[in-house]
file final.pdb (PDB, C-alpha atoms)
ATOM      1  CA  MET D  12     137.776 109.229  93.183
ATOM      2  CA  ILE D  13     134.590 107.512  94.316
ATOM      3  CA  LEU D  14     132.674 110.746  93.905
ATOM      4  CA  THR D  15     133.793 111.268  90.312
ATOM      5  CA  GLY D  16     132.927 107.637  89.584
ATOM      6  CA  PHE D  17     129.487 108.196  91.017
ATOM      7  CA  LYS D  18     129.009 111.412  89.081
ATOM      8  CA  LYS D  19     129.887 109.564  85.926
ATOM      9  CA  ALA D  20     127.407 106.833  86.739
ATOM     10  CA  LEU D  21     124.760 109.448  87.447
ATOM     11  CA  ARG D  22     125.367 111.196  84.139
ATOM     12  CA  GLN D  23     125.235 107.902  82.261
ATOM     13  CA  SER D  24     122.048 106.857  83.986
ATOM     14  CA  LEU D  25     120.351 110.142  83.102
ATOM     15  CA  ILE D  26     121.283 109.721  79.447
ATOM     16  CA  ILE D  27     119.987 106.136  79.474
ATOM     17  CA  LEU D  28     116.731 107.219  81.096
ATOM     18  CA  ILE D  29     116.041 110.065  78.671
ATOM     19  CA  PHE D  30     116.776 107.790  75.743
ATOM     20  CA  THR D  31     114.581 105.029  77.169
ATOM     21  CA  VAL D  32     111.616 107.281  77.879
ATOM     22  CA  MET D  33     111.651 108.409  74.252
ATOM     23  CA  ILE D  34     111.802 104.862  72.927
ATOM     24  CA  ALA D  35     109.091 103.652  75.289
ATOM     25  CA  ILE D  36     106.644 106.428  74.435
ATOM     26  CA  PHE D  37     107.334 106.100  70.730
ATOM     27  CA  PHE D  38     106.882 102.331  70.776
ATOM     28  CA  ASN D  39     103.693 102.634  72.803
ATOM     29  CA  LEU D  40     102.268 105.100  70.276
ATOM     30  CA  LEU D  41     102.978 102.800  67.357
ATOM     31  CA  ARG D  42     101.855  99.461  68.694
ATOM     32  CA  PRO D  43      98.215  98.413  68.465
ATOM     33  CA  ALA D  44      98.208  97.225  72.093
ATOM     34  CA  GLY D  45      99.470 100.617  73.290
ATOM     35  CA  ILE D  46      97.798 102.164  76.317
ATOM     36  CA  ALA D  47      96.869 105.769  77.092
ATOM     37  CA  LEU D  48      99.904 107.197  78.846
ATOM     38  CA  PHE D  49      97.945 109.000  81.553
ATOM     39  CA  GLY D  50      94.619 107.271  81.044
ATOM     40  CA  PHE D  51      94.580 104.803  83.895
ATOM     41  CA  SER D  52      91.342 104.861  85.834
ATOM     42  CA  SER D  53      91.256 103.036  89.128
ATOM     43  CA  VAL D  54      87.540 103.839  89.425
ATOM     44  CA  ASN D  55      86.697 101.788  86.331
ATOM     45  CA  LEU D  56      88.962  98.984  87.419
ATOM     46  CA  ILE D  57      87.370  98.825  90.854
ATOM     47  CA  LYS D  58      83.873  98.790  89.311
ATOM     48  CA  GLN D  59      84.921  95.939  87.053
ATOM     49  CA  ARG D  60      86.301  93.986  89.955
ATOM     50  CA  GLN D  61      83.244  94.618  92.096
ATOM     51  CA  ALA D  62      81.084  93.294  89.271
ATOM     52  CA  GLN D  63      83.100  90.086  89.333
ATOM     53  CA  ILE D  64      82.426  89.317  92.992
ATOM     54  CA  PRO D  65      80.223  86.220  93.043
ATOM     55  CA  GLU D  66      76.635  86.494  94.219
ATOM     56  CA  ILE D  67      74.723  84.020  96.314
ATOM     57  CA  SER D  68      71.024  83.254  96.305
ATOM     58  CA  LEU D  69      68.824  83.778  99.365
ATOM     59  CA  PHE D  70      68.083  80.055  99.507
ATOM     60  CA  GLU D  71      71.750  79.049  99.559
ATOM     61  CA  ALA D  72      72.635  81.789 102.007
ATOM     62  CA  HIS D  73      69.911  80.745 104.439
ATOM     63  CA  ASP D  74      70.880  77.110 104.091
ATOM     64  CA  LEU D  75      74.463  77.913 105.080
ATOM     65  CA  TYR D  76      73.137  80.200 107.836
ATOM     66  CA  LEU D  77      71.326  77.269 109.418
ATOM     67  CA  GLN D  78      74.533  75.261 109.266
ATOM     68  CA  LYS D  79      76.337  78.213 110.869
ATOM     69  CA  LYS D  80      78.728  78.326 107.934
ATOM     70  CA  VAL D  81      78.211  81.973 107.046
ATOM     71  CA  PHE D  82      79.018  85.265 108.604
ATOM     72  CA  PHE D  83      76.789  88.096 107.454
ATOM     73  CA  VAL D  84      78.206  91.546 106.980
ATOM     74  CA  ASP D  85      75.746  94.411 106.860
ATOM     75  CA  ALA D  86      77.181  97.026 104.527
ATOM     76  CA  ARG D  87      74.539  99.677 105.180
ATOM     77  CA  ASP D  88      74.973 102.764 107.328
ATOM     78  CA  PRO D  89      74.945 102.295 111.129
ATOM     79  CA  LEU D  90      71.448 103.805 111.543
ATOM     80  CA  SER D  91      69.784 101.325 109.204
ATOM     81  CA  TYR D  92      71.727  98.600 110.934
ATOM     82  CA  GLU D  93      70.385  99.652 114.325
ATOM     83  CA  GLU D  94      66.833  99.655 113.052
ATOM     84  CA  GLY D  95      67.209  96.023 112.112
ATOM     85  CA  HIS D  96      69.665  93.558 110.609
ATOM     86  CA  ILE D  97      70.164  89.861 109.997
ATOM     87  CA  ALA D  98      70.670  88.223 113.384
ATOM     88  CA  GLY D  99      74.400  87.801 113.962
ATOM     89  CA  ALA D 100      75.465  90.218 111.250
ATOM     90  CA  LEU D 101      78.270  92.688 111.765
ATOM     91  CA  ASN D 102      77.987  96.233 110.450
ATOM     92  CA  ILE D 103      80.863  97.074 108.108
ATOM     93  CA  TYR D 104      80.426 100.129 105.938
ATOM     94  CA  PRO D 105      82.807  99.955 102.904
ATOM     95  CA  ASP D 106      85.353 102.411 104.300
ATOM     96  CA  GLU D 107      85.494 100.549 107.618
ATOM     97  CA  ALA D 108      86.564  97.298 105.961
ATOM     98  CA  ALA D 109      90.223  97.749 106.832
ATOM     99  CA  LEU D 110      89.354  97.992 110.538
ATOM    100  CA  HIS D 111      87.554  94.660 110.586
ATOM    101  CA  ALA D 112      89.539  92.690 108.004
ATOM    102  CA  ALA D 113      92.181  91.491 110.462
ATOM    103  CA  GLU D 114      89.493  89.991 112.697
ATOM    104  CA  LEU D 115      87.790  88.279 109.748
ATOM    105  CA  LYS D 116      91.093  86.746 108.690
ATOM    106  CA  THR D 117      91.624  84.914 111.993
ATOM    107  CA  ASP D 118      91.073  81.192 112.502
ATOM    108  CA  ASN D 119      87.650  81.792 114.068
ATOM    109  CA  TYR D 120      86.380  82.496 110.595
ATOM    110  CA  ARG D 121      88.068  79.603 108.821
ATOM    111  CA  GLY D 122      85.561  77.615 106.771
ATOM    112  CA  VAL D 123      83.016  80.388 107.212
ATOM    113  CA  LEU D 124      81.717  82.156 104.128
ATOM    114  CA  ILE D 125      81.427  85.901 104.411
ATOM    115  CA  ILE D 126      78.280  87.289 102.826
ATOM    116  CA  THR D 127      77.731  91.003 102.479
ATOM    117  CA  TYR D 128      74.344  92.569 101.923
ATOM    118  CA  CYS D 129      72.601  95.882 101.748
ATOM    119  CA  ASP D 130      69.147  96.940 100.685
ATOM    120  CA  GLY D 131      67.714  97.256  97.183
ATOM    121  CA  PRO D 132      68.740  95.571  93.931
ATOM    122  CA  GLN D 133      70.744  98.622  92.868
ATOM    123  CA  CYS D 134      72.549  99.089  96.172
ATOM    124  CA  SER D 135      76.305  98.907  95.638
ATOM    125  CA  LEU D 136      77.418  99.060  99.284
ATOM    126  CA  SER D 137      77.457  95.279  99.668
ATOM    127  CA  LYS D 138      79.745  94.919  96.652
ATOM    128  CA  GLU D 139      81.957  97.744  97.883
ATOM    129  CA  THR D 140      82.364  96.212 101.317
ATOM    130  CA  ALA D 141      82.980  92.747  99.836
ATOM    131  CA  TYR D 142      85.567  94.214  97.491
ATOM    132  CA  GLU D 143      87.345  96.060 100.289
ATOM    133  CA  LEU D 144      87.392  92.965 102.482
ATOM    134  CA  LEU D 145      88.819  90.847  99.668
ATOM    135  CA  ARG D 146      91.384  93.517  98.990
ATOM    136  CA  GLN D 147      92.425  93.413 102.624
ATOM    137  CA  GLY D 148      93.153  89.720 102.248
ATOM    138  CA  VAL D 149      89.874  88.082 103.282
ATOM    139  CA  LEU D 150      89.826  84.862 101.270
ATOM    140  CA  GLU D 151      86.243  84.549 100.158
ATOM    141  CA  ALA D 152      83.234  86.814 100.184
ATOM    142  CA  LYS D 153      79.957  86.703  98.324
ATOM    143  CA  VAL D 154      77.182  89.205  97.880
ATOM    144  CA  LEU D 155      73.532  88.665  98.654
ATOM    145  CA  VAL D 156      71.953  91.152  96.275
ATOM    146  CA  ASN D 157      68.993  93.039  97.757
ATOM    147  CA  GLY D 158      69.760  90.994 100.855
ATOM    148  CA  TRP D 159      67.928  92.887 103.571
ATOM    149  CA  SER D 160      64.577  93.068 101.722
ATOM    150  CA  LEU D 161      64.723  89.420 100.701
ATOM    151  CA  TRP D 162      65.632  88.353 104.217
ATOM    152  CA  ILE D 163      62.764  90.125 106.013
ATOM    153  CA  LYS D 164      60.256  89.140 103.319
ATOM    154  CA  ALA D 165      61.221  85.518 103.875
ATOM    155  CA  GLY D 166      60.696  86.016 107.608
ATOM    156  CA  TYR D 167      64.140  84.852 108.620
ATOM    157  CA  PRO D 168      65.618  85.867 111.993
ATOM    158  CA  VAL D 169      66.479  89.531 112.435
ATOM    159  CA  LYS D 170      67.713  91.635 115.288
ATOM    160  CA  LYS D 171      67.552  95.256 116.372
ATOM    161  CA  GLY D 172      70.107  97.426 118.117
ATOM    162  CA  LYS D 173      73.787  98.089 117.916
ATOM    163  CA  GLU D 174      74.939  94.527 118.384
TER
ATOM    164  CA  MET L  28     150.264  87.627  95.359
ATOM    165  CA  THR L  29     146.964  85.845  95.729
ATOM    166  CA  MET L  30     145.311  89.071  96.836
ATOM    167  CA  LYS L  31     146.585  90.704  93.708
ATOM    168  CA  LYS L  32     145.250  87.895  91.601
ATOM    169  CA  PHE L  33     141.936  88.170  93.410
ATOM    170  CA  HIS L  34     141.620  91.834  92.587
ATOM    171  CA  ARG L  35     142.923  91.610  89.055
ATOM    172  CA  ILE L  36     141.095  88.537  87.860
ATOM    173  CA  ILE L  37     138.455  87.156  90.181
ATOM    174  CA  VAL L  38     136.653  90.415  90.964
ATOM    175  CA  PRO L  39     136.360  91.637  87.360
ATOM    176  CA  LEU L  40     135.299  88.191  86.146
ATOM    177  CA  GLY L  41     132.790  87.905  88.965
ATOM    178  CA  SER L  42     131.453  91.300  88.079
ATOM    179  CA  LEU L  43     131.183  90.269  84.441
ATOM    180  CA  ALA L  44     129.180  87.210  85.434
ATOM    181  CA  CYS L  45     126.901  89.310  87.662
ATOM    182  CA  ARG L  46     126.388  91.778  84.866
ATOM    183  CA  LEU L  47     125.330  89.048  82.452
ATOM    184  CA  ILE L  48     123.003  87.517  85.046
ATOM    185  CA  LEU L  49     121.378  90.919  85.534
ATOM    186  CA  ALA L  50     121.058  91.240  81.756
ATOM    187  CA  ILE L  51     119.212  87.917  81.495
ATOM    188  CA  ILE L  52     116.891  88.834  84.364
ATOM    189  CA  PHE L  53     116.087  92.231  82.876
ATOM    190  CA  TYR L  54     115.538  90.924  79.361
ATOM    191  CA  TYR L  55     113.139  88.335  80.674
ATOM    192  CA  ALA L  56     111.321  90.741  82.988
ATOM    193  CA  GLY L  57     111.161  93.480  80.363
ATOM    194  CA  ILE L  58     109.862  91.345  77.515
ATOM    195  CA  GLU L  59     107.174  89.762  79.665
ATOM    196  CA  LYS L  60     105.946  93.219  80.660
ATOM    197  CA  ILE L  61     106.119  94.780  77.220
ATOM    198  CA  ALA L  62     103.985  91.913  75.926
ATOM    199  CA  ASP L  63     101.008  93.098  77.991
ATOM    200  CA  PRO L  64     101.258  96.698  79.244
ATOM    201  CA  GLY L  65      97.630  96.736  80.397
ATOM    202  CA  ALA L  66      98.177  93.813  82.741
ATOM    203  CA  PHE L  67     101.361  95.354  84.056
ATOM    204  CA  ALA L  68      99.525  98.626  84.706
ATOM    205  CA  ILE L  69      97.045  96.719  86.852
ATOM    206  CA  ALA L  70      99.913  95.020  88.693
ATOM    207  CA  ILE L  71     101.373  98.469  89.429
ATOM    208  CA  TYR L  72      98.000  99.783  90.533
ATOM    209  CA  ASN L  73      97.620  96.826  92.909
ATOM    210  CA  TYR L  74     100.592  98.048  94.918
ATOM    211  CA  GLN L  75      98.430 101.040  95.911
ATOM    212  CA  LEU L  76     101.365 103.403  95.965
ATOM    213  CA  LEU L  77     100.994 105.548  92.854
ATOM    214  CA  PRO L  78      98.353 108.052  91.743
ATOM    215  CA  ASP L  79      96.305 107.028  88.689
ATOM    216  CA  PHE L  80      98.066 109.304  86.220
ATOM    217  CA  ALA L  81     101.436 107.708  86.949
ATOM    218  CA  VAL L  82     100.309 104.112  86.596
ATOM    219  CA  ASN L  83     100.160 103.753  82.816
ATOM    220  CA  ALA L  84     103.202 105.936  82.258
ATOM    221  CA  LEU L  85     105.264 103.691  84.510
ATOM    222  CA  ALA L  86     103.793 100.581  82.869
ATOM    223  CA  VAL L  87     104.939 101.890  79.489
ATOM    224  CA  ILE L  88     108.369 103.134  80.491
ATOM    225  CA  LEU L  89     109.642 100.678  83.108
ATOM    226  CA  PRO L  90     109.838  97.582  80.850
ATOM    227  CA  TRP L  91     111.896  99.555  78.355
ATOM    228  CA  VAL L  92     114.223 100.732  81.098
ATOM    229  CA  GLU L  93     114.785  97.071  81.862
ATOM    230  CA  ILE L  94     115.446  96.184  78.225
ATOM    231  CA  ILE L  95     117.843  99.070  77.637
ATOM    232  CA  MET L  96     119.663  98.372  80.908
ATOM    233  CA  ALA L  97     120.058  94.736  79.918
ATOM    234  CA  THR L  98     121.440  95.813  76.562
ATOM    235  CA  CYS L  99     123.943  98.113  78.272
ATOM    236  CA  PHE L 100     125.007  95.224  80.514
ATOM    237  CA  VAL L 101     125.545  92.877  77.591
ATOM    238  CA  ALA L 102     127.275  95.455  75.434
ATOM    239  CA  GLY L 103     129.478  96.700  78.252
ATOM    240  CA  PHE L 104     128.366 100.207  77.388
ATOM    241  CA  TYR L 105     127.407 102.734  80.106
ATOM    242  CA  VAL L 106     127.546  99.857  82.586
ATOM    243  CA  ARG L 107     127.948 102.075  85.645
ATOM    244  CA  GLY L 108     124.935 104.164  84.697
ATOM    245  CA  ALA L 109     122.833 101.093  84.026
ATOM    246  CA  ALA L 110     123.961  99.507  87.297
ATOM    247  CA  LEU L 111     123.029 102.694  89.133
ATOM    248  CA  ILE L 112     119.541 102.633  87.630
ATOM    249  CA  SER L 113     119.093  98.971  88.411
ATOM    250  CA  SER L 114     120.242  99.501  92.012
ATOM    251  CA  ALA L 115     117.762 102.343  92.347
ATOM    252  CA  LEU L 116     114.991 100.212  90.870
ATOM    253  CA  PHE L 117     115.702  97.245  93.119
ATOM    254  CA  LEU L 118     115.811  99.540  96.125
ATOM    255  CA  THR L 119     112.519 101.185  95.167
ATOM    256  CA  PHE L 120     110.910  97.837  94.568
ATOM    257  CA  ALA L 121     112.193  96.498  97.888
ATOM    258  CA  THR L 122     110.505  99.464  99.586
ATOM    259  CA  ALA L 123     107.237  98.980  97.698
ATOM    260  CA  LEU L 124     107.279  95.275  98.445
ATOM    261  CA  THR L 125     107.987  95.769 102.141
ATOM    262  CA  ILE L 126     105.201  98.330 102.492
ATOM    263  CA  ASN L 127     102.681  95.944 100.966
ATOM    264  CA  LEU L 128     103.902  92.898 102.845
ATOM    265  CA  VAL L 129     103.482  94.850 106.061
ATOM    266  CA  ARG L 130     100.072  96.080 104.915
ATOM    267  CA  GLY L 131      99.200  92.444 104.316
ATOM    268  CA  LEU L 132      97.959  92.952 100.769
ATOM    269  CA  ASP L 133      97.768  89.705  98.850
ATOM    270  CA  ILE L 134      98.677  90.909  95.368
ATOM    271  CA  SER L 135     100.510  89.633  92.342
ATOM    272  CA  CYS L 136     104.188  90.501  92.342
ATOM    273  CA  GLY L 137     104.202  91.618  88.719
ATOM    274  CA  CYS L 138     107.937  90.993  88.717
ATOM    275  CA  PHE L 139     108.008  88.985  85.520
ATOM    276  CA  GLY L 140     104.781  89.934  83.844
ATOM    277  CA  ALA L 141     101.284  88.999  84.861
ATOM    278  CA  ALA L 142     101.965  85.307  85.475
ATOM    279  CA  SER L 143     104.305  85.804  88.436
ATOM    280  CA  GLY L 144     103.184  84.655  91.858
ATOM    281  CA  ASN L 145     101.867  86.690  94.750
ATOM    282  CA  ILE L 146     104.194  88.769  96.865
ATOM    283  CA  ASN L 147     105.992  87.145  99.785
ATOM    284  CA  TRP L 148     109.127  87.626 101.873
ATOM    285  CA  PHE L 149     111.136  85.367  99.585
ATOM    286  CA  TYR L 150     110.687  87.912  96.792
ATOM    287  CA  LEU L 151     112.100  90.575  99.060
ATOM    288  CA  GLY L 152     115.183  88.434  99.683
ATOM    289  CA  ARG L 153     115.565  87.817  95.978
ATOM    290  CA  ASP L 154     115.206  91.514  95.244
ATOM    291  CA  LEU L 155     117.793  92.451  97.850
ATOM    292  CA  SER L 156     120.291  89.963  96.444
ATOM    293  CA  PHE L 157     119.789  91.499  92.999
ATOM    294  CA  LEU L 158     120.333  94.899  94.575
ATOM    295  CA  PHE L 159     123.594  93.663  96.048
ATOM    296  CA  ILE L 160     124.683  92.307  92.655
ATOM    297  CA  SER L 161     123.854  95.633  90.976
ATOM    298  CA  ILE L 162     125.905  97.591  93.479
ATOM    299  CA  PHE L 163     128.777  95.171  93.033
ATOM    300  CA  VAL L 164     128.648  95.655  89.260
ATOM    301  CA  MET L 165     128.446  99.422  89.638
ATOM    302  CA  ILE L 166     131.613  99.496  91.723
ATOM    303  CA  TYR L 167     133.768  96.807  90.168
ATOM    304  CA  ASP L 168     132.781  96.400  86.567
ATOM    305  CA  ARG L 169     135.568  96.895  84.023
ATOM    306  CA  ARG L 170     133.573  96.322  80.821
ATOM    307  CA  TRP L 171     134.643  93.921  78.060
ATOM    308  CA  ARG L 172     137.865  95.732  77.331
ATOM    309  CA  TYR L 173     139.377  94.359  80.506
ATOM    310  CA  LEU L 174     139.060  90.763  79.318
ATOM    311  CA  PHE L 175     141.118  91.515  76.246
ATOM    312  CA  SER L 176     143.755  93.343  78.232
ATOM    313  CA  LEU L 177     144.177  90.303  80.502
ATOM    314  CA  ARG L 178     146.022  88.379  77.810
ATOM    315  CA  SER L 179     148.633  91.065  77.162
ATOM    316  CA  THR L 180     149.691  91.469  80.786
TER
END
call {"tool": "encode", "arguments": {"input": "final.pdb", "output": "structure tokens"}}
result
Amino acid sequence: MILTGFKKALRQSLIILIFTVMIAIFFNLLRPAGIALFGFSSVNLIKQRQAQIPEISLFEAHDLYLQKKVFFVDARDPLSYEEGHIAGALNIYPDEAALHAAELKTDNYRGVLIITYCDGPQCSLSKETAYELLRQGVLEAKVLVNGWSLWIKAGYPVKKGKE
Amino acid sequence: MTMKKFHRIIVPLGSLACRLILAIIFYYAGIEKIADPGAFAIAIYNYQLLPDFAVNALAVILPWVEIIMATCFVAGFYVRGAALISSALFLTFATALTINLVRGLDISCGCFGAASGNINWFYLGRDLSFLFISIFVMIYDRRWRYLFSLRST
């Protein structure tokens, strides 16, 4: 009894679904705001979102650094980091963001702005790390474009080694 | 006697009410999503559960499933089938929601178009109560015909 009822429901639902898929695809084809059925590109979307991450100037960043209101994140590879990094910065390569996000979300970092940097005006690692951190629920992150070069040129404090 | 009355009148009427509530929810949710499929695709992508090629297809089809289901509920046509689909959808969504709540992703729910709030445990509760309603409708619904037969008995 229950089984036949369920079979009936299953048959009905299949008919509804087939009918609906046809309507949906047809409607999507006709409307001007229609989207490509299989054309979604997460790569483009991520690039767009990374471009929207706010940047910060060296002056502002250093100002906040003196007030101890920033936490620098070095997005370069570990070797470059060892050779030298902003004093107090933590090394987070983009794909390691998930490992560190939980720590950065704790109360210790409340009221502290997270600034990511890498080296060179074209370097995208800082944006990638910032994006990943934001995606993992970190509230605010900014990017210091060409951060490492600007920082050493300005003669601000740096550090060598793994820590 | 009262038990009989309960089964003959209260349950079917309750199921009718549930069915109409589901219809309103699905019409609202469906229309909001159809209005902006691109935004809904992004909401789906944000859940990080589907491969790229499935994202737009789902964004196109799912709102229409909601609309057609709602129409079935209102019309009293294929109600069991529609209730089965809606139960399956609520169950799937509950799973997707739970996964992302546990992951700690702070993303828009996408429940009622782009303007809906970010996911939280309340949404899971709401979803599960809708799931319960759908299952109830699937089991007990007697369509419109029953209302008219009430008078003659």
call {"tool": "resolve_selection", "arguments": {"input": "final.pdb", "expression": "the ChimeraX specification (/L :<12) & /D", "output": "PyMOL selection string"}}
result
chain D and resi 12-40+42-57+60+109+112-113+116+143-150
call {"tool": "residues_around", "arguments": {"input": "final.pdb", "residues": "Asn147 of chain L", "least_positions_apart": "3", "cutoff": "9 Å", "atoms": "all atoms listed in the file", "output": "count of residues only"}}
result
7
call {"tool": "residues_around", "arguments": {"input": "final.pdb", "residues": "Arg170 of chain L", "least_positions_apart": "5", "cutoff": "10 Å", "atoms": "all atoms listed in the file", "output": "PDB file with C-alpha atoms, keeping the file's coordinate frame"}}
result
ATOM      1  CA  PRO L  39     136.360  91.637  87.360  1.00  0.00           C
ATOM      2  CA  LEU L  40     135.299  88.191  86.146  1.00  0.00           C
ATOM      3  CA  SER L  42     131.453  91.300  88.079  1.00  0.00           C
ATOM      4  CA  LEU L  43     131.183  90.269  84.441  1.00  0.00           C
ATOM      5  CA  ARG L  46     126.388  91.778  84.866  1.00  0.00           C
ATOM      6  CA  PHE L 100     125.007  95.224  80.514  1.00  0.00           C
ATOM      7  CA  VAL L 101     125.545  92.877  77.591  1.00  0.00           C
ATOM      8  CA  ALA L 102     127.275  95.455  75.434  1.00  0.00           C
ATOM      9  CA  GLY L 103     129.478  96.700  78.252  1.00  0.00           C
ATOM     10  CA  PHE L 104     128.366 100.207  77.388  1.00  0.00           C
ATOM     11  CA  TYR L 105     127.407 102.734  80.106  1.00  0.00           C
ATOM     12  CA  VAL L 106     127.546  99.857  82.586  1.00  0.00           C
ATOM     13  CA  ARG L 107     127.948 102.075  85.645  1.00  0.00           C
ATOM     14  CA  VAL L 164     128.648  95.655  89.260  1.00  0.00           C
TER      15      VAL L 164
END
call {"tool": "residues_around", "arguments": {"input": "final.pdb", "residues": "Tyr167 of chain D", "least_positions_apart": "6", "cutoff": "12 Å", "atoms": "only C-alpha atoms", "output": "list of chain:residue names"}}
result
D:Leu69, D:Phe70, D:Ala72, D:His73, D:Asp74, D:Tyr76, D:Leu77, D:His96, D:Ile97, D:Ala98, D:Gly99, D:Gly158, D:Trp159, D:Ser160, D:Leu161
call {"tool": "resolve_selection", "arguments": {"input": "final.pdb", "expression": "the PyMOL selection byres ((chain L and resi 52-55) around 8)", "output": "VMD selection string"}}
result
chain L and resid 48 to 51 56 to 59 93 to 94 96 to 97 139
call {"tool": "atom_distance", "arguments": {"input": "final.pdb", "atom1": "atom CA of Val156 of chain D", "atom2": "atom CA of Lys171 of chain D"}}
result
21.0 Å
call {"tool": "resolve_selection", "arguments": {"input": "final.pdb", "expression": "the PyMOL selection byres ((chain L and resi 115-117) around 8)", "output": "PyMOL selection string"}}
result
chain L and resi 111-114+118-121+154-155+157-158
call {"tool": "write_last_selection", "arguments": {"input": "final.pdb", "atoms": "C-alpha atoms", "output": "PDB file, keeping the file's coordinate frame"}}
result
ATOM      1  CA  LEU L 111     123.029 102.694  89.133  1.00  0.00           C
ATOM      2  CA  ILE L 112     119.541 102.633  87.630  1.00  0.00           C
ATOM      3  CA  SER L 113     119.093  98.971  88.411  1.00  0.00           C
ATOM      4  CA  SER L 114     120.242  99.501  92.012  1.00  0.00           C
ATOM      5  CA  LEU L 118     115.811  99.540  96.125  1.00  0.00           C
ATOM      6  CA  THR L 119     112.519 101.185  95.167  1.00  0.00           C
ATOM      7  CA  PHE L 120     110.910  97.837  94.568  1.00  0.00           C
ATOM      8  CA  ALA L 121     112.193  96.498  97.888  1.00  0.00           C
ATOM      9  CA  ASP L 154     115.206  91.514  95.244  1.00  0.00           C
ATOM     10  CA  LEU L 155     117.793  92.451  97.850  1.00  0.00           C
ATOM     11  CA  PHE L 157     119.789  91.499  92.999  1.00  0.00           C
ATOM     12  CA  LEU L 158     120.333  94.899  94.575  1.00  0.00           C
TER      13      LEU L 158
END
call {"tool": "closest_residue", "arguments": {"input": "final.pdb", "among": "L:Cys45, L:Ile36, L:Met30, L:Ile126", "to": "Gln75 of chain L", "atoms": "only C-alpha atoms"}}
result
L:Ile126
call {"tool": "atom_distance", "arguments": {"input": "final.pdb", "atom1": "atom CA of Leu110 of chain D", "atom2": "atom CA of Thr140 of chain D"}}
result
11.7 Å
